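J.: The structure file input.txt (compact mmCIF, C-alpha atoms and all ligand atoms) is provided below.
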```txt
# COMPACT_ATOMS: atom_id res chain seq x y z
CA MET Q 1 113.17 53.53 -55.49
CA SER Q 2 113.83 53.15 -59.24
CA THR Q 3 111.17 53.67 -61.92
CA SER Q 4 111.49 50.02 -62.79
CA PRO Q 5 113.02 47.27 -60.65
CA ARG Q 6 114.97 46.30 -63.75
CA GLU Q 7 116.73 49.64 -64.04
CA LEU Q 8 119.27 51.24 -61.69
CA ARG Q 9 119.97 54.88 -62.47
CA VAL Q 10 123.56 55.69 -61.57
CA GLY Q 11 125.05 59.05 -60.55
CA LEU Q 12 128.85 59.20 -60.47
CA VAL Q 13 130.91 61.87 -58.64
CA GLY Q 14 134.37 62.64 -60.08
CA TYR Q 15 135.44 62.21 -63.69
CA ALA Q 16 139.22 61.77 -63.64
CA PHE Q 17 141.11 58.47 -63.15
CA MET Q 18 138.55 56.40 -61.24
CA GLY Q 19 135.67 58.33 -62.80
CA ALA Q 20 136.87 57.12 -66.19
CA ALA Q 21 137.56 53.57 -64.99
CA HIS Q 22 134.10 53.29 -63.40
CA SER Q 23 132.44 54.85 -66.47
CA GLN Q 24 134.10 52.24 -68.66
CA ALA Q 25 132.69 49.55 -66.37
CA TRP Q 26 129.18 51.05 -66.26
CA ARG Q 27 129.21 51.26 -70.09
CA THR Q 28 130.21 47.61 -70.35
CA VAL Q 29 128.48 45.74 -67.57
CA ASN Q 30 124.99 45.36 -69.11
CA ARG Q 31 126.42 44.31 -72.42
CA VAL Q 32 128.68 41.59 -71.03
CA TYR Q 33 126.64 40.12 -68.21
CA ASP Q 34 123.00 39.08 -68.12
CA LEU Q 35 121.90 40.88 -64.95
CA PRO Q 36 118.59 41.17 -63.09
CA ALA Q 37 118.75 44.96 -63.53
CA ARG Q 38 120.15 47.28 -66.16
CA ALA Q 39 122.53 50.04 -65.06
CA ARG Q 40 121.71 53.36 -66.65
CA MET Q 41 124.37 56.09 -66.80
CA THR Q 42 122.12 58.95 -65.74
CA LEU Q 43 124.31 61.68 -64.26
CA ILE Q 44 127.95 62.58 -63.69
CA CYS Q 45 129.20 65.28 -61.31
CA GLY Q 46 132.32 67.48 -61.39
CA ARG Q 47 132.97 70.97 -60.08
CA ASP Q 48 133.89 72.60 -63.40
CA ALA Q 49 130.81 73.06 -65.63
CA GLY Q 50 132.68 72.92 -68.93
CA LYS Q 51 134.89 70.00 -68.00
CA VAL Q 52 132.06 67.92 -66.58
CA ALA Q 53 129.99 68.53 -69.73
CA ASP Q 54 132.92 67.28 -71.81
CA ALA Q 55 133.37 64.33 -69.48
CA ALA Q 56 129.68 63.38 -69.73
CA ASP Q 57 129.96 63.37 -73.51
CA ARG Q 58 133.26 61.51 -73.62
CA LEU Q 59 132.42 58.92 -70.96
CA GLY Q 60 128.82 58.26 -71.97
CA TRP Q 61 126.63 59.93 -69.30
CA GLU Q 62 123.16 61.28 -70.12
CA GLY Q 63 123.44 64.36 -67.90
CA HIS Q 64 125.86 66.32 -65.75
CA THR Q 65 125.88 68.56 -62.69
CA THR Q 66 128.43 70.62 -60.75
CA ASP Q 67 126.97 69.88 -57.30
CA TRP Q 68 127.15 66.44 -55.72
CA ARG Q 69 124.36 67.49 -53.32
CA ASP Q 70 122.07 67.78 -56.32
CA LEU Q 71 123.17 64.34 -57.53
CA VAL Q 72 122.62 62.50 -54.22
CA THR Q 73 119.13 63.93 -53.66
CA ARG Q 74 117.66 63.69 -57.16
CA ASP Q 75 114.64 61.41 -57.54
CA ASP Q 76 116.00 59.94 -60.75
CA ILE Q 77 119.14 58.53 -59.11
CA ASP Q 78 119.18 55.10 -57.43
CA VAL Q 79 122.94 54.47 -57.09
CA VAL Q 80 125.66 56.95 -56.09
CA ASP Q 81 129.19 56.04 -57.18
CA VAL Q 82 131.86 58.04 -55.28
CA CYS Q 83 135.12 58.54 -57.24
CA THR Q 84 136.53 61.62 -55.47
CA PRO Q 85 139.58 61.96 -53.19
CA GLY Q 86 139.18 60.59 -49.66
CA ASP Q 87 138.37 63.91 -48.01
CA SER Q 88 134.88 63.94 -49.53
CA HIS Q 89 133.97 60.23 -49.33
CA ALA Q 90 132.28 60.45 -45.92
CA GLU Q 91 130.26 63.58 -46.64
CA ILE Q 92 128.99 62.34 -50.02
CA ALA Q 93 128.34 58.75 -48.94
CA LEU Q 94 126.52 59.76 -45.73
CA ALA Q 95 124.29 62.19 -47.64
CA ALA Q 96 123.57 59.57 -50.30
CA LEU Q 97 122.68 56.89 -47.75
CA ALA Q 98 120.46 59.37 -45.89
CA ALA Q 99 118.68 60.03 -49.20
CA GLY Q 100 118.09 56.28 -49.62
CA LYS Q 101 120.59 55.76 -52.44
CA HIS Q 102 122.70 52.62 -52.84
CA VAL Q 103 126.38 53.62 -52.57
CA LEU Q 104 129.55 52.36 -54.19
CA CYS Q 105 132.51 54.24 -52.69
CA GLU Q 106 136.12 54.11 -53.86
CA LYS Q 107 138.85 52.96 -51.48
CA PRO Q 108 140.13 53.65 -48.93
CA LEU Q 109 136.66 54.12 -47.45
CA ALA Q 110 137.60 57.37 -45.69
CA ASN Q 111 140.48 59.46 -44.42
CA THR Q 112 140.03 58.56 -40.75
CA VAL Q 113 138.68 55.73 -38.60
CA GLU Q 114 136.09 58.13 -37.19
CA GLU Q 115 134.69 58.87 -40.66
CA ALA Q 116 134.81 55.19 -41.64
CA ARG Q 117 132.95 54.23 -38.45
CA ALA Q 118 130.21 56.76 -39.20
CA MET Q 119 129.94 55.45 -42.77
CA ALA Q 120 129.76 51.80 -41.66
CA ALA Q 121 127.08 52.69 -39.08
CA ALA Q 122 125.05 54.61 -41.66
CA ALA Q 123 125.37 51.73 -44.12
CA ALA Q 124 124.18 49.24 -41.50
CA THR Q 125 121.19 51.45 -40.69
CA ALA Q 126 120.34 51.99 -44.37
CA ARG Q 127 120.60 48.25 -44.99
CA SER Q 128 117.51 47.65 -42.87
CA ALA Q 129 115.63 49.78 -45.42
CA GLY Q 130 117.03 47.72 -48.31
CA VAL Q 131 119.79 50.19 -49.20
CA ARG Q 132 123.11 48.53 -50.18
CA SER Q 133 126.66 49.80 -49.98
CA MET Q 134 130.07 48.56 -51.05
CA CYS Q 135 133.67 49.78 -51.10
CA GLY Q 136 135.63 49.63 -54.37
CA PHE Q 137 138.49 47.24 -53.66
CA ASN Q 138 138.44 46.17 -57.30
CA TYR Q 139 141.46 43.83 -57.21
CA ARG Q 140 139.29 41.24 -55.43
CA ARG Q 141 137.53 40.90 -58.77
CA VAL Q 142 140.54 39.97 -60.89
CA PRO Q 143 139.59 36.36 -61.76
CA ALA Q 144 142.98 34.98 -60.64
CA VAL Q 145 142.58 36.68 -57.24
CA THR Q 146 139.06 35.31 -56.79
CA MET Q 147 140.42 31.92 -57.77
CA MET Q 148 143.15 32.23 -55.13
CA ARG Q 149 140.44 32.84 -52.57
CA ASP Q 150 138.49 29.81 -53.84
CA LEU Q 151 141.57 27.56 -53.57
CA VAL Q 152 142.20 28.70 -49.98
CA ALA Q 153 138.50 28.31 -49.07
CA ALA Q 154 138.47 24.79 -50.54
CA GLY Q 155 141.38 23.84 -48.26
CA ARG Q 156 143.82 23.30 -51.14
CA LEU Q 157 146.53 25.30 -49.35
CA GLY Q 158 145.97 23.70 -45.96
CA VAL Q 159 146.84 25.86 -42.99
CA ILE Q 160 148.01 29.32 -44.07
CA ARG Q 161 151.45 30.10 -42.59
CA HIS Q 162 152.73 33.10 -44.57
CA VAL Q 163 151.32 36.06 -46.48
CA ARG Q 164 153.83 38.17 -48.46
CA ALA Q 165 152.34 41.23 -50.12
CA THR Q 166 153.96 44.11 -51.99
CA TYR Q 167 152.41 46.98 -53.93
CA LEU Q 168 155.11 49.13 -55.56
CA GLN Q 169 155.00 52.27 -57.70
CA ASP Q 170 157.57 54.91 -58.67
CA TRP Q 171 155.59 57.97 -59.84
CA ILE Q 172 157.06 60.39 -57.26
CA VAL Q 173 160.72 59.30 -57.32
CA ASP Q 174 161.52 62.66 -58.97
CA PRO Q 175 161.71 65.26 -56.15
CA GLN Q 176 160.38 67.85 -58.63
CA PHE Q 177 157.09 65.97 -59.02
CA PRO Q 178 154.50 68.46 -57.73
CA LEU Q 179 152.56 68.42 -54.50
CA VAL Q 180 149.28 66.89 -55.75
CA TRP Q 181 146.38 65.96 -53.45
CA ARG Q 182 147.68 62.43 -52.94
CA LEU Q 183 150.64 63.91 -51.00
CA LEU Q 184 148.48 65.84 -48.51
CA LYS Q 185 147.11 64.18 -45.37
CA ASP Q 186 143.98 66.34 -45.16
CA ARG Q 187 143.03 65.38 -48.74
CA ALA Q 188 144.21 61.75 -48.94
CA GLY Q 189 144.32 60.53 -45.32
CA SER Q 190 147.72 58.90 -45.83
CA GLY Q 191 150.19 58.29 -48.66
CA ALA Q 192 151.33 55.00 -50.17
CA LEU Q 193 149.80 53.31 -47.11
CA GLY Q 194 146.16 54.23 -47.75
CA ASP Q 195 146.42 54.47 -51.52
CA ILE Q 196 148.04 51.17 -52.42
CA GLY Q 197 148.72 49.53 -49.03
CA ALA Q 198 144.93 49.46 -48.49
CA HIS Q 199 144.57 47.28 -51.60
CA ILE Q 200 146.97 44.57 -50.40
CA ILE Q 201 145.45 44.64 -46.91
CA ASP Q 202 141.98 44.04 -48.35
CA LEU Q 203 143.18 41.54 -50.95
CA THR Q 204 145.09 39.35 -48.49
CA GLN Q 205 142.30 39.38 -45.90
CA PHE Q 206 139.83 38.50 -48.68
CA VAL Q 207 141.95 35.64 -50.05
CA THR Q 208 142.86 34.11 -46.68
CA GLY Q 209 139.56 34.79 -44.92
CA GLN Q 210 141.71 35.96 -42.01
CA ARG Q 211 141.79 39.32 -40.27
CA ILE Q 212 144.94 41.28 -39.38
CA THR Q 213 145.06 41.48 -35.57
CA GLY Q 214 148.28 43.43 -34.93
CA VAL Q 215 151.11 45.21 -36.72
CA SER Q 216 154.61 46.62 -36.31
CA ALA Q 217 155.40 49.28 -38.90
CA VAL Q 218 157.88 51.75 -40.32
CA THR Q 219 156.90 54.57 -42.65
CA GLU Q 220 159.02 57.20 -44.37
CA THR Q 221 158.60 60.43 -46.31
CA PHE Q 222 161.74 60.55 -48.43
CA VAL Q 223 161.01 63.90 -50.10
CA LYS Q 224 159.50 66.26 -47.55
CA GLU Q 225 159.13 69.43 -49.64
CA ARG Q 226 157.82 69.58 -53.22
CA PRO Q 227 156.97 72.28 -55.76
CA LEU Q 228 153.35 73.40 -55.89
CA PRO Q 229 151.58 72.40 -59.11
CA VAL Q 230 150.94 74.98 -61.81
CA ASP Q 231 148.18 75.10 -64.41
CA ALA Q 232 148.54 75.49 -68.17
CA GLN Q 233 149.03 79.25 -67.81
CA GLY Q 234 151.86 78.80 -65.34
CA LEU Q 235 149.72 80.03 -62.44
CA THR Q 236 149.95 78.20 -59.15
CA GLY Q 237 147.18 75.68 -59.66
CA SER Q 238 145.04 73.25 -57.80
CA VAL Q 239 146.51 70.20 -56.14
CA ASP Q 240 143.85 68.08 -57.84
CA GLY Q 241 144.82 65.44 -60.33
CA SER Q 242 147.86 63.20 -60.21
CA ALA Q 243 148.80 62.70 -63.82
CA GLY Q 244 146.68 65.67 -64.84
CA VAL Q 245 148.73 68.55 -63.43
CA ASP Q 246 150.51 70.71 -65.95
CA GLY Q 247 153.80 71.04 -64.11
CA ALA Q 248 155.63 72.35 -61.08
CA GLY Q 249 156.14 75.99 -60.10
CA PRO Q 250 158.82 77.76 -58.04
CA ALA Q 251 156.80 77.82 -54.80
CA THR Q 252 156.99 74.75 -52.60
CA GLY Q 253 154.86 73.04 -49.96
CA THR Q 254 155.27 70.29 -47.40
CA VAL Q 255 154.45 66.64 -48.06
CA THR Q 256 152.27 65.48 -45.17
CA VAL Q 257 151.91 61.77 -45.95
CA ASP Q 258 154.17 58.72 -46.12
CA ASP Q 259 156.03 57.87 -49.32
CA ALA Q 260 156.42 54.25 -48.21
CA ALA Q 261 155.07 51.96 -45.50
CA VAL Q 262 156.47 48.57 -44.49
CA PHE Q 263 154.95 46.40 -41.79
CA VAL Q 264 154.75 42.94 -40.35
CA ALA Q 265 151.43 41.59 -39.15
CA ARG Q 266 149.71 38.67 -37.46
CA LEU Q 267 146.48 37.21 -38.87
CA ASP Q 268 143.79 35.70 -36.67
CA GLY Q 269 144.21 32.26 -38.26
CA GLY Q 270 147.83 32.15 -37.10
CA ALA Q 271 149.62 33.33 -40.25
CA LEU Q 272 152.56 35.75 -40.24
CA ALA Q 273 152.42 38.46 -42.89
CA THR Q 274 154.64 41.12 -44.42
CA TYR Q 275 153.41 44.15 -46.36
CA GLU Q 276 155.30 46.77 -48.36
CA ALA Q 277 153.69 49.76 -50.10
CA SER Q 278 155.92 52.30 -51.81
CA ARG Q 279 155.83 55.09 -54.37
CA PHE Q 280 159.63 55.06 -54.48
CA ALA Q 281 160.29 51.64 -55.99
CA THR Q 282 162.15 52.88 -59.06
CA GLY Q 283 161.06 51.02 -62.19
CA ARG Q 284 157.98 49.50 -60.55
CA LYS Q 285 154.94 51.16 -62.13
CA ASN Q 286 152.00 49.36 -60.54
CA ALA Q 287 153.52 46.15 -59.24
CA LEU Q 288 151.13 44.30 -56.95
CA ARG Q 289 152.33 40.84 -55.93
CA VAL Q 290 150.96 38.48 -53.31
CA GLU Q 291 152.33 35.07 -52.27
CA ILE Q 292 150.56 32.81 -49.81
CA ASN Q 293 152.23 29.75 -48.33
CA GLY Q 294 150.12 27.04 -46.71
CA SER Q 295 150.86 23.60 -45.31
CA LEU Q 296 149.58 22.00 -48.55
CA GLY Q 297 150.67 24.49 -51.17
CA THR Q 298 151.49 28.00 -52.35
CA VAL Q 299 149.72 30.48 -54.62
CA VAL Q 300 151.28 33.54 -56.21
CA PHE Q 301 149.54 36.44 -57.96
CA ASP Q 302 151.33 39.17 -59.91
CA LEU Q 303 149.20 42.00 -61.33
CA GLU Q 304 151.59 42.43 -64.26
CA ARG Q 305 150.53 38.90 -65.30
CA LEU Q 306 146.96 39.21 -64.11
CA ASN Q 307 145.57 36.37 -66.22
CA GLU Q 308 147.84 33.88 -64.48
CA LEU Q 309 148.07 32.18 -61.13
CA GLU Q 310 151.09 30.25 -59.92
CA PHE Q 311 150.12 27.20 -57.87
CA TYR Q 312 152.34 24.75 -56.05
CA ASP Q 313 150.29 21.73 -54.99
CA ALA Q 314 152.11 19.77 -52.28
CA ALA Q 315 149.34 17.15 -52.35
CA LEU Q 316 150.66 15.83 -55.69
CA PRO Q 317 153.12 12.90 -55.70
CA PRO Q 318 156.61 14.33 -54.95
CA ALA Q 319 157.85 13.57 -58.45
CA GLU Q 320 155.09 15.72 -59.95
CA GLN Q 321 155.36 18.68 -57.62
CA GLY Q 322 156.46 22.09 -58.85
CA PHE Q 323 154.98 25.49 -59.59
CA SER Q 324 152.35 25.34 -62.31
CA ARG Q 325 151.12 28.36 -64.27
CA ILE Q 326 147.34 28.37 -64.54
CA LEU Q 327 145.97 30.57 -67.30
CA VAL Q 328 142.79 31.88 -65.65
CA THR Q 329 140.74 32.30 -68.83
CA GLU Q 330 138.51 29.23 -68.88
CA GLY Q 331 134.75 29.62 -68.79
CA ASP Q 332 134.82 27.82 -65.42
CA HIS Q 333 137.08 30.48 -63.91
CA PRO Q 334 135.50 33.31 -61.89
CA TYR Q 335 133.82 36.01 -64.06
CA MET Q 336 135.25 34.55 -67.30
CA SER Q 337 132.23 32.80 -68.80
CA ALA Q 338 130.90 36.13 -70.16
CA TRP Q 339 134.15 37.15 -71.87
CA TRP Q 340 136.16 35.52 -74.63
CA PRO Q 341 137.13 31.96 -75.60
CA PRO Q 342 139.82 30.32 -73.37
CA GLY Q 343 143.25 31.90 -73.75
CA HIS Q 344 141.87 35.29 -74.84
CA ILE Q 345 143.16 37.39 -72.01
CA ILE Q 346 141.56 40.29 -70.13
CA GLY Q 347 143.03 43.40 -68.43
CA TYR Q 348 142.94 45.92 -65.59
CA GLU Q 349 139.62 47.50 -66.56
CA HIS Q 350 137.76 44.19 -66.37
CA SER Q 351 138.11 44.17 -62.58
CA PHE Q 352 135.85 47.26 -62.51
CA THR Q 353 133.27 45.65 -64.80
CA HIS Q 354 133.24 42.65 -62.45
CA GLN Q 355 132.81 45.04 -59.52
CA MET Q 356 129.76 46.64 -61.15
CA ARG Q 357 128.39 43.21 -62.05
CA ASP Q 358 128.47 42.06 -58.43
CA PHE Q 359 127.13 45.38 -57.14
CA VAL Q 360 124.20 45.52 -59.59
CA GLU Q 361 123.33 41.90 -58.91
CA ALA Q 362 123.38 42.45 -55.13
CA VAL Q 363 121.23 45.58 -55.32
CA ALA Q 364 118.76 43.99 -57.73
CA THR Q 365 118.41 40.79 -55.72
CA GLY Q 366 118.40 42.47 -52.29
CA THR Q 367 121.61 40.82 -51.07
CA ASP Q 368 124.69 42.34 -49.45
CA PRO Q 369 127.59 43.18 -51.75
CA ALA Q 370 131.17 42.76 -50.49
CA PRO Q 371 133.36 44.35 -49.37
CA SER Q 372 130.85 46.11 -47.15
CA PHE Q 373 131.54 49.42 -45.46
CA ALA Q 374 132.17 47.36 -42.31
CA ASP Q 375 134.83 45.35 -44.17
CA ALA Q 376 136.36 48.63 -45.38
CA LEU Q 377 136.26 50.01 -41.81
CA GLN Q 378 138.35 47.02 -40.80
CA VAL Q 379 140.93 47.96 -43.47
CA GLN Q 380 140.83 51.53 -42.13
CA LEU Q 381 141.55 50.22 -38.62
CA VAL Q 382 144.62 48.42 -39.98
CA LEU Q 383 145.80 51.62 -41.73
CA ASP Q 384 145.35 53.49 -38.44
CA ALA Q 385 147.24 50.83 -36.46
CA VAL Q 386 150.12 50.97 -38.98
CA THR Q 387 150.33 54.76 -38.66
CA ARG Q 388 150.28 54.64 -34.86
CA SER Q 389 152.86 51.84 -34.73
CA ALA Q 390 155.22 53.81 -36.98
CA GLU Q 391 154.77 56.90 -34.82
CA LEU Q 392 155.63 54.85 -31.73
CA GLY Q 393 158.94 53.52 -33.07
CA SER Q 394 157.38 50.37 -34.60
CA SER Q 395 155.86 49.20 -31.33
CA TRP Q 396 153.45 46.28 -31.63
CA THR Q 397 149.95 47.72 -32.16
CA GLU Q 398 146.75 45.69 -31.95
CA VAL Q 399 144.04 46.20 -34.57
CA GLU Q 400 140.67 46.47 -32.91
CA PRO Q 401 137.78 44.53 -34.48
CA ALA Q 402 135.43 46.56 -36.69
CA LEU Q 403 132.32 46.65 -34.53
CA VAL Q 404 129.52 48.48 -36.28
CA THR Q 405 126.66 50.06 -34.37
CA VAL Q 406 123.30 50.34 -36.12
CA ALA Q 407 121.67 53.66 -35.32
CA ALA Q 408 118.31 53.25 -33.55
N1 LIG T 1 140.42 51.14 -57.10
C1 LIG T 1 141.56 51.60 -57.54
O1 LIG T 1 142.38 50.86 -58.07
C2 LIG T 1 141.88 53.07 -57.41
C3 LIG T 1 142.86 53.66 -58.21
C4 LIG T 1 143.08 55.04 -58.09
C5 LIG T 1 142.35 55.76 -57.19
N2 LIG T 1 141.42 55.16 -56.40
C6 LIG T 1 140.63 55.93 -55.43
O2 LIG T 1 139.64 56.66 -56.15
C7 LIG T 1 139.41 57.93 -55.55
C8 LIG T 1 139.66 59.02 -56.58
O3 LIG T 1 140.98 58.88 -57.07
P1 LIG T 1 141.37 59.28 -58.57
O4 LIG T 1 142.64 58.60 -58.88
O5 LIG T 1 140.21 59.07 -59.48
O6 LIG T 1 141.62 60.84 -58.36
P2 LIG T 1 141.69 61.97 -59.48
O7 LIG T 1 142.41 63.11 -58.90
O8 LIG T 1 142.14 61.38 -60.77
O9 LIG T 1 140.13 62.35 -59.64
C9 LIG T 1 139.37 62.91 -58.59
C10 LIG T 1 138.12 63.52 -59.17
O10 LIG T 1 137.29 64.00 -58.13
C11 LIG T 1 136.84 65.30 -58.45
N3 LIG T 1 136.45 65.99 -57.23
C12 LIG T 1 137.22 66.29 -56.16
N4 LIG T 1 136.47 66.88 -55.20
C13 LIG T 1 135.21 66.95 -55.69
C14 LIG T 1 133.98 67.46 -55.19
N5 LIG T 1 133.91 68.01 -53.97
N6 LIG T 1 132.87 67.37 -55.97
C15 LIG T 1 132.93 66.81 -57.20
N7 LIG T 1 134.07 66.30 -57.73
C16 LIG T 1 135.20 66.37 -56.97
C17 LIG T 1 138.04 65.90 -59.18
O11 LIG T 1 137.69 67.05 -59.90
C18 LIG T 1 138.39 64.72 -60.08
O12 LIG T 1 137.53 64.64 -61.19
C19 LIG T 1 140.34 57.99 -54.34
O13 LIG T 1 139.63 57.58 -53.20
C20 LIG T 1 141.42 56.97 -54.67
O14 LIG T 1 142.04 56.41 -53.53
C21 LIG T 1 141.16 53.83 -56.52
```
Step by step, read the file and then write its structure as structure tokens.

T.:
Amino acid sequence: MSTSPRELRVGLVGYAFMGAAHSQAWRTVNRVYDLPARARMTLICGRDAGKVADAADRLGWEGHTTDWRDLVTRDDIDVVDVCTPGDSHAEIALAALAAGKHVLCEKPLANTVEEARAMAAAAATARSAGVRSMCGFNYRRVPAVTMMRDLVAAGRLGVIRHVRATYLQDWIVDPQFPLVWRLLKDRAGSGALGDIGAHIIDLTQFVTGQRITGVSAVTETFVKERPLPVDAQGLTGSVDGSAGVDGAGPATGTVTVDDAAVFVARLDGGALATYEASRFATGRKNALRVEINGSLGTVVFDLERLNELEFYDAALPPAEQGFSRILVTEGDHPYMSAWWPPGHIIGYEHSFTHQMRDFVEAVATGTDPAPSFADALQVQLVLDAVTRSAELGSSWTEVEPALVTVAA
């Protein structure tokens, strides 16, 4: 597949927010980690010829193209990295898998369960030919989050009773914020639910090792009509870009996704869980917080203090119990041995470098990276159950297991 088993030639689709975050990680990964293969930044794709040429130069890609079909079929590409809005994930990923390329696809995996099912089936089929795929739930790779998972897996929390997860933003509190693609169901699949709710669903299932089996939900669209975006010339522009739009015009359009989603859930290990995802939490910019209570202890993660983990160890003598703050920067902590001396903290972008590290290692060693497309299908089934529950007046809605059929 590649010219040398020690080189993986990457083609990335999309050059805005995630395109830049993934580029940063591809630039870094070989230089930080000693990996069995070297990632090579071969090609980047965007629809505007001038802008993608600039992006290639700025982000460090050797070449550029305006057609993702060209990128997924080229002989000099081994890995396709999908960083576009959800409405093109399925089409690009399916074509890439059919062309025998390893695929890393941003979250949520797709816009619908049907698309996610087709992607998981294609990934399972491609796997038998040695082709790997993974969904980009990068927060799993924050060292403190991985450490949370390790503490739970080692039994340090005992039996998990409660999961409390919130992911809060405020970037559309202003009703004049324009109608960008993230506010349209046919482009984004859902609103706060699929964008940020998907992260806390994946993160909590990853940390606890438990699957959400049923939900009761409410969702709301607080601002139902918004101005259409305009470009730099004041012309009604494209709905692409979130931070990148130039402003709002006089014409308006309808918001077709949720602004906020709140739900309770049951996990298959017996835990009760609450989830809240909102773009209307005034003052909260990107506030992801997860608390897990077990019979033997509690762990708390807060993205705004991502180098830290709070741990309450109920196995200690009563006089010594209390929440301790662990600074997750020791060489023994997940992913940290390749970075800086203890106490020298890392940031948001490192989670993407860790994601590329694990993906490259899995591809190069012929193992399965996680989360798989099947894992991401399971998240999609939760998103779907939340939407249906909210539509049915919060009625209890079971989440079906993510059964993946391998095509014959
Ligand atoms: N992992 C995370 O933390 C995280 C954060 C933000 C977004 N995301 C996900 O990443 C994906 C992209 O989001 P974003 O924030 O980067 O969006 P964005 O609007 O910033 O960028 C989207 C990019 O895709 C390009 N694009 C759209 N359609 C295309 C097509 N048909 N062919 C080629 N290029 C195309 C756009 O021109 C743009 O460059 C979404 O699935 C989103 O949910 C993940």

J.: Taking all atoms listed in the file into account, name the residue in Q:Tyr312, Q:Tyr33, Q:Tyr139, Q:Phe17 that is nearest to ligand LIG 1 (chain T).

T.: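 Checking each candidate against ligand LIG 1 (chain T), we get Q:Phe17 as the closest.
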
J.: Can you write out as CSV which residues of chain Q fall within 7 Å of ligand LIG 1 (chain T), alongside each residue's closest atom pair and its distance in Å to one decimal, counting all atoms listed in the file and ordering rows by chain and ascending residue number?

T.:
```
residue,atom,partner,partner_atom,distance
Q:Val13,CA,T:LIG1,N7,5.5
Q:Gly14,CA,T:LIG1,O10,3.8
Q:Tyr15,CA,T:LIG1,O12,4.1
Q:Ala16,CA,T:LIG1,O8,4.1
Q:Phe17,CA,T:LIG1,O5,3.8
Q:Met18,CA,T:LIG1,O5,3.6
Q:Gly19,CA,T:LIG1,O5,5.7
Q:Cys45,CA,T:LIG1,C15,5.8
Q:Gly46,CA,T:LIG1,N7,4.2
Q:Arg47,CA,T:LIG1,C15,5.1
Q:Thr66,CA,T:LIG1,C15,6.9
Q:Asp67,CA,T:LIG1,N6,6.5
Q:Trp68,CA,T:LIG1,N6,5.8
Q:Cys83,CA,T:LIG1,C8,4.6
Q:Thr84,CA,T:LIG1,O10,3.6
Q:Pro85,CA,T:LIG1,C19,4.2
Q:Gly86,CA,T:LIG1,O13,4.7
Q:Ser88,CA,T:LIG1,N5,6.1
Q:Glu106,CA,T:LIG1,O2,4.9
Q:Lys107,CA,T:LIG1,O13,5.0
Q:Pro108,CA,T:LIG1,O14,5.7
Q:Gly136,CA,T:LIG1,N1,5.7
Q:Phe137,CA,T:LIG1,N1,5.5
Q:Asn138,CA,T:LIG1,N1,5.4
Q:Asp195,CA,T:LIG1,O14,5.2
Q:Asp240,CA,T:LIG1,O7,5.3
Q:Gly241,CA,T:LIG1,O7,3.6
Q:Ser242,CA,T:LIG1,O7,5.6
```

J.: With stretch 324-345 of chain Q as the partner and 7 Å as the cut-off, tabulate the residues of stretch 136-175 of chain Q that qualify, each row holding the nearest pair of atoms and their distance in Å to one decimal, using only C-alpha atoms, sorted by chain and rising number, as a tab-separated table.

T.:
```
residue	atom	partner	partner_atom	distance
Q:Pro143	CA	Q:Pro334	CA	5.1
Q:Ala144	CA	Q:Val328	CA	5.9
Q:Thr146	CA	Q:Pro334	CA	6.5
Q:Met147	CA	Q:Pro334	CA	6.6
```

J.: Select, from Q:Arg284, Q:Arg266, Q:Arg31, Q:Arg279, the residue with the minimum atom-to-atom distance to Q:Val382, counting all atoms listed in the file.

T.: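 Result for the nearest residue to Q:Val382: Q:Arg266.
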
J.: Using all atoms listed in the file, which residues sit within 7 Å of Q:His162 once same-chain residues fewer than 3 positions away are excluded, as a list in words?

T.: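 Near Q:His162, the qualifying residues are Ala271, Leu272, Ala273, Ile292, Asn293 and Gly294 of chain Q.
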
J.: Which neighbours of Q:Ser395 fall inside 8 Å, counting all atoms listed in the file, when residues of the same chain fewer than 4 positions from it are skipped, and could you give them as a VMD selection string?

T.: chain Q and resid 216 to 217 389 to 390

J.: Go ahead and compute the interatomic distance for atom CA of Q:Lys101 and atom CA of Q:Asp78, in Å to one decimal.

T.: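 Straight-line distance from atom CA of Q:Lys101 to atom CA of Q:Asp78 works out to 5.2 Å.
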
J.: Quick one, how far is atom CA of Q:Leu151 from atom CA of Q:Val29?

T.: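 About the pair atom CA of Q:Leu151 and atom CA of Q:Val29: they are 26.4 Å apart.
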